[in-house]
Amino acid sequence: MTNAESISTPRFQAGEFKSDLKPIWCPGCGDFGVVTAITRALAAVGRPPNEIAFVSGIGCSSRIPGYTKAYGFNTLHGRALPIAQGIKLASPELLVLVASGDGDGFSIGGGHVAHVIRRNIDLTYIVMDNQIYGLTKGQLSPTSQRGRKTVSSNYGSLEEPVNPLLYVLGYGASFVAQGSPADMAGLARIIEEGIRFPGFAFIHVDSPCVTFGQEEQQLKAQKSRLQSLESIGHNAADRALAMARAREIGTKCYTGILYREPQPPPTYGQGVAERQAALQKQAVPRQEILRRFLPEA
Ligand code: SF4
Ligand code: MG
């Protein structure tokens, strides 16, 4: 069963996916908009909270499972993806979402991304990228710009930032999209499409940190960089074009679906199910095993 298929299809309001916990993010943090977009997307998909598992690592954005109504698992730093993969394989009927940040997703957990992509596990990976470690009070993250000064890098970063879009496109991800809480409706739409996609879906969210982020990264400044892919006639079936546009990260913020595989490959879960069915067909009845090994029995 894929994420798009429902066991039951009741209608929901976005508010029904919000938990009773009050977010403790700084006022104005971009993650408020992301959780709202996620709940709107879940309402549109129509799966009830008890059919959803929401997994995260550690960081400000990783608080999201606590603020949504679903099975939640706030795991270890960088380890959300392996745990989410295990959940999906053990319970393929669950709709599995993963929330992460730039540090969690592309530094300590970066090694897991390639493997979830090559296995094509049917889950939706939402990375809130604010180019900083917010929870630990503003250190350089893997997506911080070269020259960026922080409390722990007085002379500025000497490293090139990781480009999360190129990273996942390069490893062959079948669904890659980008959004911003500055465009809430658009963000909800791409998260919904990611959930409905039958396979691994990567959603990169430019989510500003109002406390430790730079001025040009804040929502107001970000709005001037937003460019809807739909409005420029982007061809989402062209991986090379998607990679070319991904290189513009930092100067332009394209919103929408950057790449969607026209013929999605089989998921790892489908392969496991087929293998299990084949093994069951070959299974030797218990009595026959006893007869072979204990002929006198
Ligand atoms: Fe949001 Fe930054 Fe505050 Fe964390 S530190 S809650 S990312 S504004
Ligand atoms: Mg961060």
# chains A, B, ... in the order shown; residues from 1 in each chain; ligands from 1

$ residues_near_ligand --ligand "ligand 1" --cutoff "12 Å" --atoms "only C-alpha atoms and all ligand atoms" --output "CSV table (one decimal) with N, CA and C atoms, in the first residue's frame"
chain,number,residue,atom,x,y,z
A,23,PRO,N,3.4,25.3,20.6
A,23,PRO,CA,4.8,25.4,20.2
A,23,PRO,C,5.6,26.4,21.0
A,24,ILE,N,6.8,26.0,21.3
A,24,ILE,CA,7.7,27.0,22.0
A,24,ILE,C,8.8,27.6,21.2
A,25,TRP,N,8.5,27.6,19.8
A,25,TRP,CA,9.5,28.3,18.9
A,25,TRP,C,9.4,29.8,19.2
A,26,CYS,N,10.5,30.5,18.8
A,26,CYS,CA,10.5,31.9,19.0
A,26,CYS,C,9.4,32.6,18.1
A,27,PRO,N,8.8,33.6,18.6
A,27,PRO,CA,7.7,34.2,17.8
A,27,PRO,C,8.2,34.7,16.5
A,28,GLY,N,7.5,34.3,15.4
A,28,GLY,CA,8.0,34.6,14.1
A,28,GLY,C,8.8,33.6,13.4
A,29,CYS,N,9.2,32.5,14.1
A,29,CYS,CA,9.9,31.4,13.5
A,29,CYS,C,9.2,30.8,12.2
A,30,GLY,N,9.9,30.6,11.2
A,30,GLY,CA,9.3,30.0,10.0
A,30,GLY,C,8.6,28.7,10.2
A,31,ASP,N,9.0,27.9,11.2
A,31,ASP,CA,8.5,26.6,11.4
A,31,ASP,C,7.0,26.6,11.8
A,32,PHE,N,6.5,27.8,12.3
A,32,PHE,CA,5.1,27.9,12.6
A,32,PHE,C,4.3,27.7,11.3
A,33,GLY,N,4.8,28.3,10.2
A,33,GLY,CA,4.1,28.2,8.9
A,33,GLY,C,4.2,26.8,8.4
A,34,VAL,N,5.3,26.1,8.6
A,34,VAL,CA,5.5,24.8,8.1
A,34,VAL,C,4.5,23.8,8.7
A,58,ILE,N,16.7,15.8,15.9
A,58,ILE,CA,16.8,16.8,17.0
A,58,ILE,C,17.1,18.1,16.4
A,59,GLY,N,16.5,19.1,16.9
A,59,GLY,CA,16.6,20.5,16.4
A,59,GLY,C,15.3,21.2,16.6
A,60,CYS,N,15.2,22.5,16.3
A,60,CYS,CA,14.0,23.3,16.5
A,60,CYS,C,12.9,22.6,15.6
A,61,SER,N,13.2,22.4,14.3
A,61,SER,CA,12.2,21.8,13.4
A,61,SER,C,11.7,20.4,13.8
A,62,SER,N,12.6,19.7,14.5
A,62,SER,CA,12.3,18.3,14.9
A,62,SER,C,11.2,18.3,16.0
A,63,ARG,N,10.8,19.4,16.5
A,63,ARG,CA,9.7,19.4,17.5
A,63,ARG,C,8.3,19.1,16.8
A,64,ILE,N,8.3,19.2,15.5
A,64,ILE,CA,7.0,19.2,14.8
A,64,ILE,C,6.1,17.9,15.1
A,100,SER,N,12.9,17.3,9.6
A,100,SER,CA,14.3,17.5,9.9
A,100,SER,C,14.8,18.9,9.6
A,101,GLY,N,16.0,19.2,10.1
A,101,GLY,CA,16.6,20.6,9.8
A,101,GLY,C,17.8,20.4,8.9
A,102,ASP,N,18.5,21.5,8.6
A,102,ASP,CA,19.7,21.4,7.8
A,102,ASP,C,20.8,20.7,8.5
A,103,GLY,N,21.0,20.9,9.8
A,103,GLY,CA,22.1,20.3,10.5
A,103,GLY,C,21.8,18.8,10.7
A,128,MET,N,13.5,21.5,7.0
A,128,MET,CA,13.4,22.9,7.2
A,128,MET,C,14.8,23.5,7.3
A,129,ASP,N,15.2,24.2,6.3
A,129,ASP,CA,16.6,24.7,6.2
A,129,ASP,C,16.6,26.2,6.6
A,130,ASN,N,17.3,26.5,7.7
A,130,ASN,CA,17.5,27.9,8.1
A,130,ASN,C,18.9,28.3,8.1
A,131,GLN,N,19.8,27.4,7.5
A,131,GLN,CA,21.2,27.7,7.4
A,131,GLN,C,22.0,28.0,8.7
A,132,ILE,N,21.4,27.4,9.8
A,132,ILE,CA,22.1,27.7,11.1
A,132,ILE,C,21.6,26.6,12.0
A,133,TYR,N,22.4,26.3,13.1
A,133,TYR,CA,22.0,25.5,14.2
A,133,TYR,C,21.2,26.4,15.2
A,134,GLY,N,19.9,26.4,15.1
A,134,GLY,CA,19.1,27.3,15.9
A,134,GLY,C,19.0,26.8,17.4
A,135,LEU,N,18.7,25.5,17.6
A,135,LEU,CA,18.4,25.0,18.9
A,135,LEU,C,19.6,25.2,19.9
A,136,THR,N,20.8,25.1,19.3
A,136,THR,CA,22.0,25.3,20.1
A,136,THR,C,22.6,26.7,20.1
A,137,LYS,N,21.8,27.6,19.6
A,137,LYS,CA,22.0,29.1,19.7
A,137,LYS,C,23.0,29.7,18.7
A,138,GLY,N,22.9,29.2,17.4
A,138,GLY,CA,23.5,29.9,16.3
A,138,GLY,C,24.9,29.6,15.9
A,139,GLN,N,25.2,28.3,15.6
A,139,GLN,CA,26.5,27.9,15.1
A,139,GLN,C,26.3,27.6,13.6
A,206,ASP,N,12.6,26.6,2.8
A,206,ASP,CA,13.4,27.7,3.2
A,206,ASP,C,12.7,28.3,4.4
A,207,SER,N,13.0,27.9,5.6
A,207,SER,CA,12.3,28.3,6.8
A,207,SER,C,13.2,29.1,7.7
A,208,PRO,N,12.9,30.5,7.7
A,208,PRO,CA,13.9,31.3,8.4
A,208,PRO,C,13.9,31.2,9.9
A,209,CYS,N,15.1,31.4,10.5
A,209,CYS,CA,15.3,31.5,11.9
A,209,CYS,C,15.4,33.0,12.2
A,210,VAL,N,14.3,33.5,12.9
A,210,VAL,CA,14.3,34.9,13.2
A,210,VAL,C,15.3,35.3,14.2
A,211,THR,N,15.7,34.4,15.0
A,211,THR,CA,16.6,34.7,16.1
A,211,THR,C,18.1,34.7,15.8
A,212,PHE,N,18.5,33.7,15.0
A,212,PHE,CA,20.0,33.6,14.7
A,212,PHE,C,20.2,33.7,13.2
A,213,GLY,N,19.2,33.8,12.4
A,213,GLY,CA,19.3,33.9,10.9
A,213,GLY,C,19.7,35.3,10.5
A,214,GLN,N,20.1,35.4,9.2
A,214,GLN,CA,20.5,36.7,8.7
A,214,GLN,C,19.3,37.5,8.2
A,217,GLN,N,17.6,36.4,5.0
A,217,GLN,CA,16.9,35.1,5.0
A,217,GLN,C,15.5,35.2,5.6
A,218,GLN,N,15.1,36.3,6.2
A,218,GLN,CA,13.8,36.4,6.9
A,218,GLN,C,12.7,36.5,5.8
A,219,LEU,N,11.5,36.1,6.3
A,219,LEU,CA,10.4,35.9,5.4
A,219,LEU,C,10.2,37.1,4.5

$ residues_around --residues "Thr251 of chain A" --least-positions-apart "5" --cutoff "12 Å" --atoms "only C-alpha atoms" --output "VMD selection string"
chain A and resid 145 216 to 217 221 to 227 245 to 246

$ closest_residue --among "A:Leu290, A:Tyr155, A:Val113, A:Glu51" --to "Leu169 of chain A" --atoms "only C-alpha atoms"
A:Val113

$ atom_distance --atom1 "atom CA of Gly271 of chain A" --atom2 "atom CA of Gln85 of chain A"
14.0 Å

$ closest_residue --among "A:Asp238, A:Asp104, A:Glu160, A:Asp122" --to "ligand 2" --atoms "only C-alpha atoms and all ligand atoms"
A:Asp104

$ residues_around --residues "Gly105 of chain A" --least-positions-apart "4" --cutoff "9 Å" --atoms "only C-alpha atoms" --output "PyMOL selection string"
chain A and resi 57+77-81+99-101+109-113+127
